[in-house]
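Colleague: Compact mmCIF, C-alpha atoms, saved as query-v5.txt, coming up:
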# COMPACT_ATOMS: atom_id res chain seq x y z
CA MET B 24 -13.69 -4.98 -58.49
CA HIS B 25 -10.32 -6.03 -57.03
CA ILE B 26 -7.88 -4.57 -59.54
CA PRO B 27 -4.87 -6.96 -59.74
CA ASP B 28 -1.20 -6.01 -60.10
CA GLY B 29 -0.32 -5.09 -63.65
CA TYR B 30 -3.61 -3.57 -64.75
CA LEU B 31 -2.83 -0.05 -63.58
CA GLY B 32 0.37 1.76 -64.50
CA PRO B 33 2.76 3.15 -61.87
CA ALA B 34 1.35 6.70 -62.21
CA THR B 35 -2.21 5.61 -61.45
CA CYS B 36 -1.09 3.39 -58.57
CA GLY B 37 0.98 6.22 -57.09
CA VAL B 38 -1.82 8.77 -57.42
CA PHE B 39 -4.28 6.57 -55.56
CA TYR B 40 -1.85 5.77 -52.76
CA ALA B 41 -1.28 9.53 -52.48
CA VAL B 42 -5.05 10.19 -52.45
CA MET B 43 -5.72 7.51 -49.84
CA LEU B 44 -2.96 8.58 -47.44
CA PRO B 45 -4.78 11.74 -46.19
CA ILE B 46 -8.11 9.85 -46.21
CA TRP B 47 -6.64 7.12 -43.98
CA THR B 48 -5.13 9.80 -41.73
CA VAL B 49 -8.42 11.68 -41.35
CA ALA B 50 -10.28 8.38 -40.83
CA SER B 51 -7.88 7.44 -38.00
CA LYS B 52 -8.27 10.85 -36.37
CA ILE B 53 -12.07 10.84 -36.55
CA VAL B 54 -12.38 7.23 -35.43
CA LYS B 55 -9.87 7.90 -32.63
CA ARG B 56 -12.12 10.69 -31.38
CA THR B 57 -15.36 8.72 -31.56
CA LEU B 58 -14.45 5.07 -31.07
CA LYS B 59 -15.34 3.69 -27.66
CA VAL B 60 -13.48 0.66 -26.32
CA ARG B 61 -16.69 -1.39 -26.37
CA GLN B 62 -17.24 -0.61 -30.07
CA VAL B 63 -13.96 -2.20 -31.19
CA PRO B 64 -15.52 -5.69 -31.57
CA MET B 65 -18.17 -4.18 -33.88
CA LEU B 66 -15.39 -2.72 -36.02
CA ALA B 67 -13.81 -6.17 -36.29
CA ILE B 68 -17.20 -7.70 -37.11
CA GLY B 69 -17.72 -5.07 -39.83
CA ALA B 70 -14.37 -5.86 -41.43
CA ALA B 71 -14.93 -9.63 -41.16
CA PHE B 72 -18.41 -9.27 -42.66
CA SER B 73 -17.14 -7.27 -45.63
CA PHE B 74 -14.29 -9.76 -46.12
CA VAL B 75 -16.53 -12.82 -46.18
CA ILE B 76 -19.34 -11.26 -48.24
CA MET B 77 -16.75 -10.49 -50.95
CA MET B 78 -16.03 -14.24 -51.18
CA PHE B 79 -19.56 -14.84 -52.50
CA ASN B 80 -18.80 -14.62 -56.19
CA VAL B 81 -22.02 -14.41 -58.14
CA PRO B 82 -21.88 -15.69 -61.73
CA ILE B 83 -23.34 -14.10 -64.83
CA PRO B 84 -23.96 -17.41 -66.65
CA GLY B 85 -21.29 -17.89 -69.30
CA GLY B 86 -19.79 -14.53 -68.43
CA THR B 87 -17.94 -12.92 -65.58
CA THR B 88 -18.36 -13.05 -61.82
CA GLY B 89 -18.70 -10.32 -59.23
CA HIS B 90 -19.72 -9.79 -55.65
CA ALA B 91 -21.16 -7.42 -53.09
CA VAL B 92 -18.83 -5.52 -50.74
CA GLY B 93 -21.12 -5.02 -47.74
CA GLY B 94 -19.46 -1.65 -47.21
CA VAL B 95 -22.62 0.45 -47.27
CA LEU B 96 -24.08 -1.62 -44.44
CA VAL B 97 -20.90 -1.24 -42.42
CA ALA B 98 -21.05 2.54 -43.02
CA ILE B 99 -24.70 2.73 -41.94
CA LEU B 100 -23.89 0.91 -38.69
CA LEU B 101 -20.46 2.35 -37.82
CA GLY B 102 -20.26 5.57 -39.82
CA PRO B 103 -18.35 6.04 -43.09
CA TRP B 104 -14.94 6.76 -41.54
CA ALA B 105 -14.95 3.61 -39.41
CA ALA B 106 -16.22 1.70 -42.46
CA CYS B 107 -13.27 3.06 -44.43
CA ILE B 108 -10.85 1.60 -41.88
CA ALA B 109 -12.71 -1.73 -41.64
CA ILE B 110 -12.88 -2.25 -45.43
CA THR B 111 -9.27 -1.12 -45.88
CA VAL B 112 -8.12 -3.83 -43.47
CA ALA B 113 -10.22 -6.43 -45.32
CA LEU B 114 -8.79 -5.35 -48.71
CA VAL B 115 -5.18 -5.35 -47.48
CA ILE B 116 -5.54 -8.87 -46.05
CA GLN B 117 -7.19 -10.04 -49.29
CA ALA B 118 -4.27 -8.67 -51.30
CA LEU B 119 -1.47 -9.92 -49.03
CA LEU B 120 -2.77 -13.36 -48.04
CA PHE B 121 -4.97 -14.36 -50.96
CA GLY B 122 -3.66 -12.36 -53.91
CA ASP B 123 -7.15 -10.90 -54.41
CA GLY B 124 -6.40 -7.39 -55.66
CA GLY B 125 -2.86 -6.23 -56.37
CA ILE B 126 -0.30 -4.85 -53.94
CA THR B 127 0.36 -1.93 -56.28
CA ALA B 128 -3.41 -1.36 -56.64
CA ILE B 129 -4.22 -1.26 -52.90
CA GLY B 130 -4.53 2.54 -53.10
CA ALA B 131 -6.95 2.38 -56.03
CA ASN B 132 -8.93 -0.55 -54.65
CA CYS B 133 -9.27 1.18 -51.27
CA PHE B 134 -10.33 4.41 -53.00
CA ASN B 135 -13.12 2.56 -54.83
CA MET B 136 -14.32 0.11 -52.20
CA ALA B 137 -13.22 1.59 -48.85
CA PHE B 138 -13.81 5.28 -49.62
CA ILE B 139 -16.21 5.95 -52.53
CA LEU B 140 -18.52 3.01 -51.80
CA PRO B 141 -19.19 3.59 -48.06
CA PHE B 142 -19.29 7.39 -48.35
CA VAL B 143 -21.67 7.54 -51.33
CA GLY B 144 -23.83 4.83 -49.80
CA TYR B 145 -23.88 6.39 -46.35
CA TYR B 146 -24.74 9.93 -47.43
CA VAL B 147 -27.46 8.76 -49.83
CA TYR B 148 -28.90 6.73 -46.95
CA ARG B 149 -28.75 9.71 -44.59
CA LEU B 150 -30.28 12.03 -47.17
CA ILE B 151 -33.23 9.78 -47.94
CA SER B 152 -33.85 8.68 -44.34
CA VAL B 153 -33.63 12.17 -42.83
CA GLY B 154 -36.44 12.76 -40.33
CA SER B 155 -37.76 9.20 -40.62
CA GLN B 156 -38.49 6.88 -37.71
CA ILE B 157 -35.82 4.24 -36.92
CA GLY B 158 -38.33 1.49 -37.71
CA SER B 159 -39.77 3.08 -40.85
CA LYS B 160 -39.96 1.55 -44.29
CA ARG B 161 -38.22 4.64 -45.66
CA ARG B 162 -35.03 3.62 -43.79
CA VAL B 163 -34.98 0.24 -45.51
CA ILE B 164 -35.52 1.86 -48.90
CA ALA B 165 -32.85 4.47 -48.11
CA ALA B 166 -30.39 1.68 -47.21
CA GLY B 167 -31.19 -0.14 -50.46
CA ILE B 168 -30.76 2.95 -52.66
CA GLY B 169 -27.58 3.88 -50.79
CA ALA B 170 -26.20 0.38 -51.35
CA TYR B 171 -27.06 0.47 -55.07
CA LEU B 172 -25.51 3.88 -55.68
CA GLY B 173 -22.49 3.22 -53.46
CA ILE B 174 -21.39 0.06 -55.27
CA ASN B 175 -22.19 1.43 -58.73
CA VAL B 176 -20.26 4.68 -58.30
CA ALA B 177 -17.36 2.53 -57.01
CA ALA B 178 -17.65 0.31 -60.10
CA LEU B 179 -17.68 3.42 -62.31
CA CYS B 180 -14.46 4.61 -60.65
CA ALA B 181 -12.84 1.21 -61.24
CA GLY B 182 -13.99 1.38 -64.88
CA ILE B 183 -12.41 4.82 -65.31
CA GLU B 184 -9.16 3.65 -63.68
CA PHE B 185 -8.97 0.61 -65.98
CA GLY B 186 -10.04 2.59 -69.03
CA LEU B 187 -7.45 5.36 -68.65
CA GLN B 188 -4.53 2.92 -68.94
CA PRO B 189 -4.41 2.53 -72.75
CA LEU B 190 -4.35 6.35 -73.00
CA LEU B 191 -1.56 6.68 -70.44
CA HIS B 192 0.71 3.77 -71.35
CA HIS B 193 1.25 2.13 -74.72
CA THR B 194 4.12 1.00 -76.90
CA ALA B 195 5.07 2.64 -80.21
CA ASN B 196 3.05 0.05 -82.13
CA GLY B 197 -0.09 0.73 -80.09
CA GLN B 198 0.00 -2.26 -77.71
CA SER B 199 -1.09 -1.40 -74.21
CA LEU B 200 1.37 -1.83 -71.37
CA TYR B 201 -1.26 -2.38 -68.68
CA CYS B 202 -5.06 -2.77 -68.92
CA PRO B 203 -5.68 -3.02 -72.68
CA TYR B 204 -9.31 -1.87 -72.63
CA GLY B 205 -10.13 1.81 -72.96
CA LEU B 206 -12.86 3.86 -71.33
CA ASN B 207 -15.37 2.87 -74.04
CA VAL B 208 -15.10 -0.79 -73.00
CA ALA B 209 -14.11 -0.66 -69.33
CA ILE B 210 -16.83 1.73 -68.12
CA PRO B 211 -19.80 -0.05 -69.74
CA ALA B 212 -18.40 -3.42 -68.60
CA MET B 213 -17.78 -2.48 -64.96
CA LEU B 214 -20.82 -0.26 -64.53
CA GLY B 215 -23.15 -2.44 -66.59
CA GLU B 216 -22.53 -5.68 -64.71
CA HIS B 217 -22.81 -3.95 -61.35
CA MET B 218 -25.99 -2.07 -62.29
CA LEU B 219 -27.62 -5.20 -63.67
CA VAL B 220 -26.46 -7.93 -61.28
CA PHE B 221 -23.89 -7.40 -58.53
CA GLY B 222 -25.34 -4.09 -57.30
CA TRP B 223 -28.57 -5.87 -56.46
CA ILE B 224 -26.74 -8.30 -54.16
CA GLU B 225 -25.42 -5.27 -52.25
CA VAL B 226 -29.00 -3.90 -52.12
CA ILE B 227 -30.50 -7.14 -50.82
CA VAL B 228 -27.81 -7.72 -48.18
CA THR B 229 -27.95 -4.12 -46.93
CA ALA B 230 -31.74 -3.74 -46.89
CA LEU B 231 -32.35 -7.15 -45.29
CA VAL B 232 -29.91 -6.57 -42.44
CA VAL B 233 -31.27 -3.04 -41.81
CA LYS B 234 -34.80 -4.43 -41.75
CA TYR B 235 -33.74 -7.16 -39.32
CA LEU B 236 -31.96 -4.66 -37.05
CA GLN B 237 -35.02 -2.37 -36.97
CA LYS B 238 -36.79 -5.12 -35.04
CA GLN B 239 -33.89 -6.74 -33.17
CA SER B 240 -31.42 -3.96 -32.32
CA PRO B 241 -32.85 -0.56 -33.34
CA GLU B 242 -30.22 1.20 -31.20
CA LEU B 243 -27.58 0.21 -33.78
CA LEU B 244 -29.36 2.27 -36.42
CA GLU B 245 -29.19 5.38 -34.25
CA GLY B 246 -25.42 5.28 -34.25
CA GLY B 247 -23.00 5.61 -37.09
CA ARG B 248 -22.97 9.39 -37.18
CA MET Y 25 -28.43 -12.74 -26.73
CA LYS Y 26 -25.98 -9.90 -27.24
CA THR Y 27 -26.03 -8.24 -30.63
CA THR Y 28 -22.32 -8.90 -31.21
CA THR Y 29 -22.94 -12.61 -30.54
CA LYS Y 30 -25.75 -12.61 -33.11
CA PHE Y 31 -23.48 -10.94 -35.66
CA MET Y 32 -20.74 -13.49 -34.99
CA ILE Y 33 -23.21 -16.32 -35.55
CA GLY Y 34 -24.27 -14.61 -38.77
CA ILE Y 35 -20.67 -14.45 -39.95
CA ALA Y 36 -20.11 -18.11 -39.01
CA VAL Y 37 -23.11 -19.02 -41.19
CA LEU Y 38 -21.67 -16.96 -44.05
CA VAL Y 39 -18.32 -18.74 -43.66
CA ALA Y 40 -20.05 -22.13 -43.84
CA LEU Y 41 -21.94 -21.05 -46.97
CA SER Y 42 -18.94 -19.33 -48.58
CA PRO Y 43 -18.11 -22.23 -50.98
CA LEU Y 44 -21.25 -21.17 -52.87
CA GLY Y 45 -19.07 -18.30 -54.10
CA LEU Y 46 -16.89 -20.95 -55.75
CA LEU Y 47 -19.47 -23.55 -56.76
CA LEU Y 48 -22.07 -21.27 -58.37
CA PRO Y 49 -19.62 -19.67 -60.83
CA ALA Y 50 -18.34 -23.17 -61.71
CA ARG Y 51 -21.88 -24.46 -62.18
CA PHE Y 52 -22.85 -21.58 -64.47
CA LYS Y 53 -19.53 -21.60 -66.33
CA ALA Y 54 -18.68 -18.05 -65.40
CA GLY Y 55 -15.06 -17.01 -65.78
CA SER Y 56 -12.94 -14.45 -63.96
CA ALA Y 57 -14.26 -11.11 -62.81
CA TRP Y 58 -13.91 -8.36 -65.42
CA GLY Y 59 -10.36 -7.00 -65.34
CA GLU Y 60 -9.01 -9.84 -63.18
CA TRP Y 61 -7.78 -12.17 -65.91
CA GLY Y 62 -4.52 -14.07 -65.74
CA ALA Y 63 -1.87 -13.71 -68.46
CA ASP Y 64 -3.11 -16.68 -70.53
CA GLU Y 65 -6.70 -15.42 -70.46
CA MET Y 66 -5.42 -12.02 -71.55
CA GLN Y 67 -3.58 -13.67 -74.46
CA LYS Y 68 -6.88 -15.20 -75.61
CA LEU Y 69 -8.86 -11.98 -75.13
CA VAL Y 70 -6.68 -9.41 -76.85
CA GLY Y 71 -4.08 -11.53 -78.64
CA TYR Y 72 -1.09 -10.41 -76.57
CA VAL Y 73 -0.03 -9.99 -72.96
CA PRO Y 74 0.65 -6.32 -72.16
CA LYS Y 75 4.34 -5.99 -71.24
CA GLY Y 76 3.84 -4.05 -68.02
CA LEU Y 77 1.09 -6.40 -66.92
CA GLU Y 78 3.30 -9.42 -67.52
CA LYS Y 79 6.05 -7.89 -65.40
CA LEU Y 80 3.88 -6.65 -62.53
CA SER Y 81 1.45 -9.56 -62.31
CA SER Y 82 4.06 -11.80 -60.68
CA LEU Y 83 5.17 -9.08 -58.27
CA TRP Y 84 3.53 -10.65 -55.25
CA SER Y 85 3.20 -14.32 -54.46
CA ALA Y 86 0.37 -14.69 -51.98
CA PRO Y 87 0.60 -17.59 -49.49
CA MET Y 88 -2.95 -18.75 -50.36
CA PRO Y 89 -3.60 -17.56 -53.91
CA ASP Y 90 -7.29 -17.40 -54.90
CA TYR Y 91 -8.34 -18.64 -51.44
CA ALA Y 92 -6.77 -22.05 -52.03
CA PHE Y 93 -3.67 -23.90 -50.90
CA LYS Y 94 -0.69 -23.67 -53.22
CA GLY Y 95 -0.58 -26.65 -55.54
CA TRP Y 96 -4.30 -27.38 -55.17
CA GLU Y 97 -5.19 -25.81 -58.52
CA GLU Y 98 -5.94 -29.19 -60.10
CA LYS Y 99 -7.91 -30.57 -57.16
CA GLY Y 100 -11.66 -31.03 -57.36
CA LEU Y 101 -14.32 -28.62 -56.19
CA SER Y 102 -14.77 -30.41 -52.88
CA HIS Y 103 -11.12 -29.86 -51.96
CA LEU Y 104 -11.31 -26.28 -53.17
CA SER Y 105 -14.47 -25.71 -51.11
CA LEU Y 106 -12.65 -26.88 -48.01
CA ALA Y 107 -9.73 -24.58 -48.79
CA TYR Y 108 -12.23 -21.76 -49.32
CA ILE Y 109 -13.69 -22.24 -45.84
CA VAL Y 110 -10.22 -22.48 -44.29
CA SER Y 111 -9.30 -19.25 -46.12
CA ALA Y 112 -12.40 -17.52 -44.81
CA ILE Y 113 -11.64 -18.54 -41.22
CA LEU Y 114 -7.96 -17.64 -41.53
CA GLY Y 115 -8.76 -14.29 -43.14
CA ILE Y 116 -11.26 -13.42 -40.43
CA ILE Y 117 -8.82 -14.35 -37.65
CA VAL Y 118 -6.08 -12.15 -39.14
CA ILE Y 119 -8.55 -9.29 -39.76
CA ALA Y 120 -9.85 -9.54 -36.19
CA ILE Y 121 -6.31 -9.39 -34.77
CA VAL Y 122 -5.39 -6.39 -36.95
CA ILE Y 123 -8.61 -4.51 -36.11
CA LEU Y 124 -8.28 -5.24 -32.38
CA LEU Y 125 -4.74 -3.83 -32.49
CA ILE Y 126 -5.84 -0.75 -34.46
CA GLY Y 127 -8.90 -0.40 -32.23
CA LYS Y 128 -6.79 -0.64 -29.11
CA ILE Y 129 -4.57 2.19 -30.30
CA LEU Y 130 -7.42 4.38 -31.58
CA SER Y 131 -9.79 3.91 -28.64
CA ARG Y 132 -7.12 4.51 -25.99
CA GLY Y 133 -8.68 6.64 -23.29
CA ASN Y 134 -12.22 6.61 -24.76
CA GLU Y 135 -14.21 4.63 -22.22
I'd like the structure from this file rewritten - as structure tokens, please.

Modeller:
Amino acid sequence: MHIPDGYLGPATCGVFYAVMLPIWTVASKIVKRTLKVRQVPMLAIGAAFSFVIMMFNVPIPGGTTGHAVGGVLVAILLGPWAACIAITVALVIQALLFGDGGITAIGANCFNMAFILPFVGYYVYRLISVGSQIGSKRRVIAAGIGAYLGINVAALCAGIEFGLQPLLHHTANGQSLYCPYGLNVAIPAMLGEHMLVFGWIEVIVTALVVKYLQKQSPELLEGGR
Amino acid sequence: MKTTTKFMIGIAVLVALSPLGLLLPARFKAGSAWGEWGADEMQKLVGYVPKGLEKLSSLWSAPMPDYAFKGWEEKGLSHLSLAYIVSAILGIIVIAIVILLIGKILSRGNE
């Protein structure tokens, strides 16, 4: 889901930087108000976790690869705004150091993976787990459903961003300037592969860690509000 | 054991296992992620390289492209696995430094 340089036109790149700027500002303000000094290492662990989980490319035999983001788990543990900051840092380092995701697409990639994914996942989790015990099965299921919806809505957004490009930018003879695939190809491709394969990795990682923490460190599941 | 220590051990295990993210796609002959093709792959897929894409795709030259050392593209999977682990460690160190700096600024005064 890391959109490289050259797939999105300048307008799309600009719009998403402009959209992310206030989100990053609000995230900093909220995290500034709530972040305790002793929680900073957890924020670093969240970012490191998301970074390394994204390195686990899972193959569709003979087809493409994809990966989980781990962002819903980070949001469940630290809250969605802190997750937004943690995943943003991971995505920026991936783009700058490893060329994974474009520099011009950092706004769009952060919108999909550092904003949509943790927020959708977190609020679905909260909605389903409302009133449940910390150690209940419903929490694990809520985490799993949150993870599935979070990554799939993010994939849908990426599909729309890719798919809009042929409409926005093409030469006189109909050749695309940026991503050549329209909405009819990009959305089914991005959403389909995440719904069928990669989304389930996000589900398994999120649900397993929540289940483990219910026994080992239930206090972590009380936080993140 | 402190929870943060447990998490750090967990991440260390993930780092050690990370080459799976390189070896499994190679084993199952899976290509690039959708929408992350290079110019030559694009040429094969749609028969041309979009002009804007060609121009922008070389905008940034990352120091460790694709989690490997520059010039290691033709090396075997064992070399690439090693580079993958080094990339994971390096990435985590840089991320930790950046987050600790951000955290220091944001948590100022919140004991």

Colleague: Between B:Met24, B:Val153, B:Leu101, B:Leu31, which residue has the minimum interatomic distance to B:Glu184, considering all atoms listed in the file?

Modeller: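 Once distances to B:Glu184 are computed over all atoms listed in the file, the minimum belongs to B:Leu31.
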
Colleague: Tell me as JSON, numbers by chain which residues belonging to chain Y come within 7 Å of chain B, counting all atoms listed in the file.

Modeller: {"Y": [28, 35, 38, 39, 42, 44, 45, 46, 48, 49, 52, 53, 54, 55, 56, 57, 58, 59, 60, 74, 75, 76, 77, 78, 80, 81, 86, 87, 88, 89, 90, 91, 112, 115, 116, 119, 120, 123, 124, 127, 130, 131, 134, 135]}

Colleague: Box in all listed atoms of stretch 34-47 of chain Y, axis-aligned, with 8 Å more on each side; write out centre and edge lengths in Å to one decimal as JSON.

Modeller:
{"center_x": -20.6, "center_y": -19.0, "center_z": -47.8, "size_x": 23.4, "size_y": 25.1, "size_z": 34.0}

Colleague: So that I can check the surroundings of stretch 167-171 of chain B, please list as a list in words every protein, DNA and RNA residue that reaches within 7 Å of it, counting all atoms listed in the file and ignoring chain neighbours fewer than 6 positions away.

Modeller: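 So the residues in contact are Val95, Val143, Gly144, Tyr145, Val147, Tyr148, Gly222, Trp223, Glu225, Val226, Thr229 and Ala230 of chain B.
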
Colleague: Could you please determine the separation between atom CA of Y:Val110 and atom CA of Y:Glu97 in Å, to one decimal place?

Modeller: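 Pair atom CA of Y:Val110 / atom CA of Y:Glu97 returns 15.5 Å.
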
Colleague: Of the residues Y:Leu47, Y:Val73, Y:Leu106, Y:Ala36, which is the one nearest to Y:Phe93, using only C-alpha atoms?

Modeller: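 Smallest separation from Y:Phe93 among the options: Y:Leu106.
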